[in-house]
Amino acid sequence: MRWLDIDLTHRDDRTVDTFLERAQARRQELAGLQQDSGLDSPQVLSCLEEIGQLLFRAAHAADEAAFAPDHETRLTGAPSTPDSPDKSETIGYHLVVDEAHLDLPWTALHNGVHFLLEQAPICASTWGSQPDAAAASARQWMRRWEDNVFTESALGPASIGELVTRYRPEDCAEPSILFLDGQGTGADTSLGQIERDMVDGALETLTDGQRLARLENSPAALTPAHLARTSSIYKAFHFSGATSVPPIVADGTNPGPGWDSPASPTAQIIEDESDLEIVGVDSITSLLDQINEKADAGQLAPWSESGALQLATRTAPCWQLEDGPVRPEDLAGDHVAPPLVFSNSYLSLSSLGARFLNVGTSVFVGPQLALAPGRASEFAADFYHSLALGNSAAEALREAALGCRSRWGAHHPSWLGYGIIGSGTLALQYL
């Protein structure tokens, strides 16, 4: 498969920004629209189509030949060979965008006639489809992908069995994917168990007699600190949470449709500084005095940039596990964040996606719409089944979308409910 990079970051006028701003404004209305009209209403699909056309026009404003692979130099990845299978002829669209626009529903790109996802994989990131030297040197899977591209250029495509033999020592275990159940306790855990069984079954698919990955359950007591210490042994995380309603965030509240907006700085300080003892008649003065004392002692810097960022991080959306909340920032560090993260939770593409990429994850997949639990689990199973066949992450998302479109009908917007950001070329055989 080859990739066509479309760069929206280099622009000389405001035309691209205007289209992106309009698309962002419409995207922010999606949660309320789904709440008012229903998760799978025709109005939601119409809104996605409108957003997709705005994104398409933004790409064309940045590059008039954005979706036309008329120049060989614009394509990256392994070139086609006369005896190569049709899959090598496939072209995917990779959007290079600013981080502020990563959360837009790029998989809903629409050219006025149809959604482009019907014809080609789509991925977005702040970098191109071809990894730079620094990124490749830091990620083993990228080095293996580059090696395979070079080998295919000279010798033609290799089978999955040949790749596994080439990149995995004899008797080496399959890469493991950690399943994290965020469905709650008691009866709610049945939803997590259903999704876990579906994902596990999908990963049992054999390709060339090889199983490309296995699913592992999280330990009985998985604290955030334990996850950070042990995450390097896993190649992927799959989080199963609520996909149809906003989660309960760390402070115990349910913020509603705008849940990914952190609380005001003052509220954050008061909530986070629970050890501050308010005494006397004038409680506000006492509170301020104690905050100032902590700031003078270097224990609290609420008005500094670093202090504000720390407070925002502690109140930002996160994964809620039975033993505590887990935030992407908890996994910051060398080789701690796994290459692949699938967060099957409410609007996680916008709330968690860029944050996981910032701490070292190569690919993030998550919903960009509110989804019924059953549909979310089916999509995840289709995604992993495609990965188990050797497809790249971006190809797997497209295959899952088309499978769900066939199952639910083209009028259901849920098949466009997921987005992928990062390096869409990642595949299980390189992990």
# chains A, B, ... in the order shown; residues from 1 in each chain; ligands from 1
$ residues_around --residues "segment 29-40 of chain A" --least-positions-apart "4" --cutoff "8 Å" --atoms "only C-alpha atoms" --output "list in words"
Ala25, Val44, Leu45, Cys47, Pro257, Leu369, Ala370, Leu371, Ala372, His412, Pro413 and Ser414 of chain A
$ residues_around --residues "Leu191 of chain A" --least-positions-apart "3" --cutoff "10 Å" --atoms "only C-alpha atoms" --output "list in words"
Asp181, Gly182, Gln183, Gly184, Ala187, Asp188, Ile194, Glu195, Arg196, Ser240, Gly241, Ala242, Pro373, Gly374 and Ser377 of chain A
$ residues_around --residues "Leu104 of chain A" --least-positions-apart "3" --cutoff "12 Å" --atoms "only C-alpha atoms" --output "PyMOL selection string"
chain A and resi 19-28+30+48+51-52+54-56+95+97-101+107-109+123-125+347-351+353-354+367-369+417-421
$ select_by_dssp --residues "segment 29-258 of chain A" --states "strand (DSSP E)" --output "list in words"
Leu75, Thr76, Gly77, Ile91, Gly92, Tyr93, His94, Leu95, Val96, Ile122, Cys123, Ala124, Ser125, Ser176, Ile177, Leu178, Phe179, Leu180, Asp181, Arg214, Leu215, Glu216, Asn217, Ala236, Phe237, His238, Phe239 and Ser240 of chain A
$ residues_around --residues "segment 219-232 of chain A" --least-positions-apart "4" --cutoff "9 Å" --atoms "only C-alpha atoms" --output "count of residues only"
17
$ select_by_dssp --residues "segment 105-151 of chain A" --states "alpha helix (DSSP H)" --output "MDAnalysis selection string"
chainID A and resid 133:138 140:151
$ write_last_selection --atoms "C-alpha atoms" --output "compact mmCIF listing (two decimals), in the first residue's frame"
# COMPACT_ATOMS: atom_id res chain seq x y z
CA ALA A 133 14.96 9.37 11.19
CA ALA A 134 14.50 10.41 14.81
CA ALA A 135 11.05 8.83 15.11
CA ALA A 136 12.14 5.62 13.40
CA SER A 137 15.20 5.24 15.61
CA ALA A 138 13.04 5.53 18.72
CA GLN A 140 11.34 -0.52 16.67
CA TRP A 141 8.21 -1.13 14.64
CA MET A 142 9.02 1.86 12.38
CA ARG A 143 12.49 0.51 11.70
CA ARG A 144 10.95 -2.81 10.71
CA TRP A 145 8.39 -1.07 8.50
CA GLU A 146 11.15 0.91 6.77
CA ASP A 147 13.16 -2.26 6.29
CA ASN A 148 10.18 -3.96 4.69
CA VAL A 149 9.52 -1.00 2.37
CA PHE A 150 13.14 -1.16 1.21
CA THR A 151 12.99 -4.93 0.75
$ residues_around --residues "segment 378-380 of chain A" --least-positions-apart "2" --cutoff "7 Å" --atoms "only C-alpha atoms" --output "list in words"
Val199, Gly374, Arg375, Ala376, Asp382, Phe383, Tyr384, Ala400 and Cys404 of chain A
$ write_last_selection --atoms "C-alpha atoms" --output "PDB file, in the first residue's frame"
ATOM      1  CA  VAL A 199     -11.666  -8.776  20.604  1.00  0.00           C
ATOM      2  CA  GLY A 374     -23.099  -2.984  20.969  1.00  0.00           C
ATOM      3  CA  ARG A 375     -22.032  -1.105  17.863  1.00  0.00           C
ATOM      4  CA  ALA A 376     -18.794  -0.002  19.551  1.00  0.00           C
ATOM      5  CA  ASP A 382     -13.887  -5.924  13.091  1.00  0.00           C
ATOM      6  CA  PHE A 383     -10.868  -3.653  13.547  1.00  0.00           C
ATOM      7  CA  TYR A 384      -8.791  -6.322  15.293  1.00  0.00           C
ATOM      8  CA  ALA A 400     -14.141  -2.167  10.104  1.00  0.00           C
ATOM      9  CA  CYS A 404     -20.278  -2.041   9.968  1.00  0.00           C
TER      10      CYS A 404
END
$ atom_distance --atom1 "atom CA of Asp13 of chain A" --atom2 "atom CA of Gly422 of chain A"
26.3 Å
$ atom_distance --atom1 "atom CA of Tyr346 of chain A" --atom2 "atom CA of Val16 of chain A"
28.7 Å
$ closest_residue --among "A:Thr425, A:Ser343, A:Ser244, A:Asn111" --to "Ala396 of chain A" --atoms "only C-alpha atoms"
A:Thr425
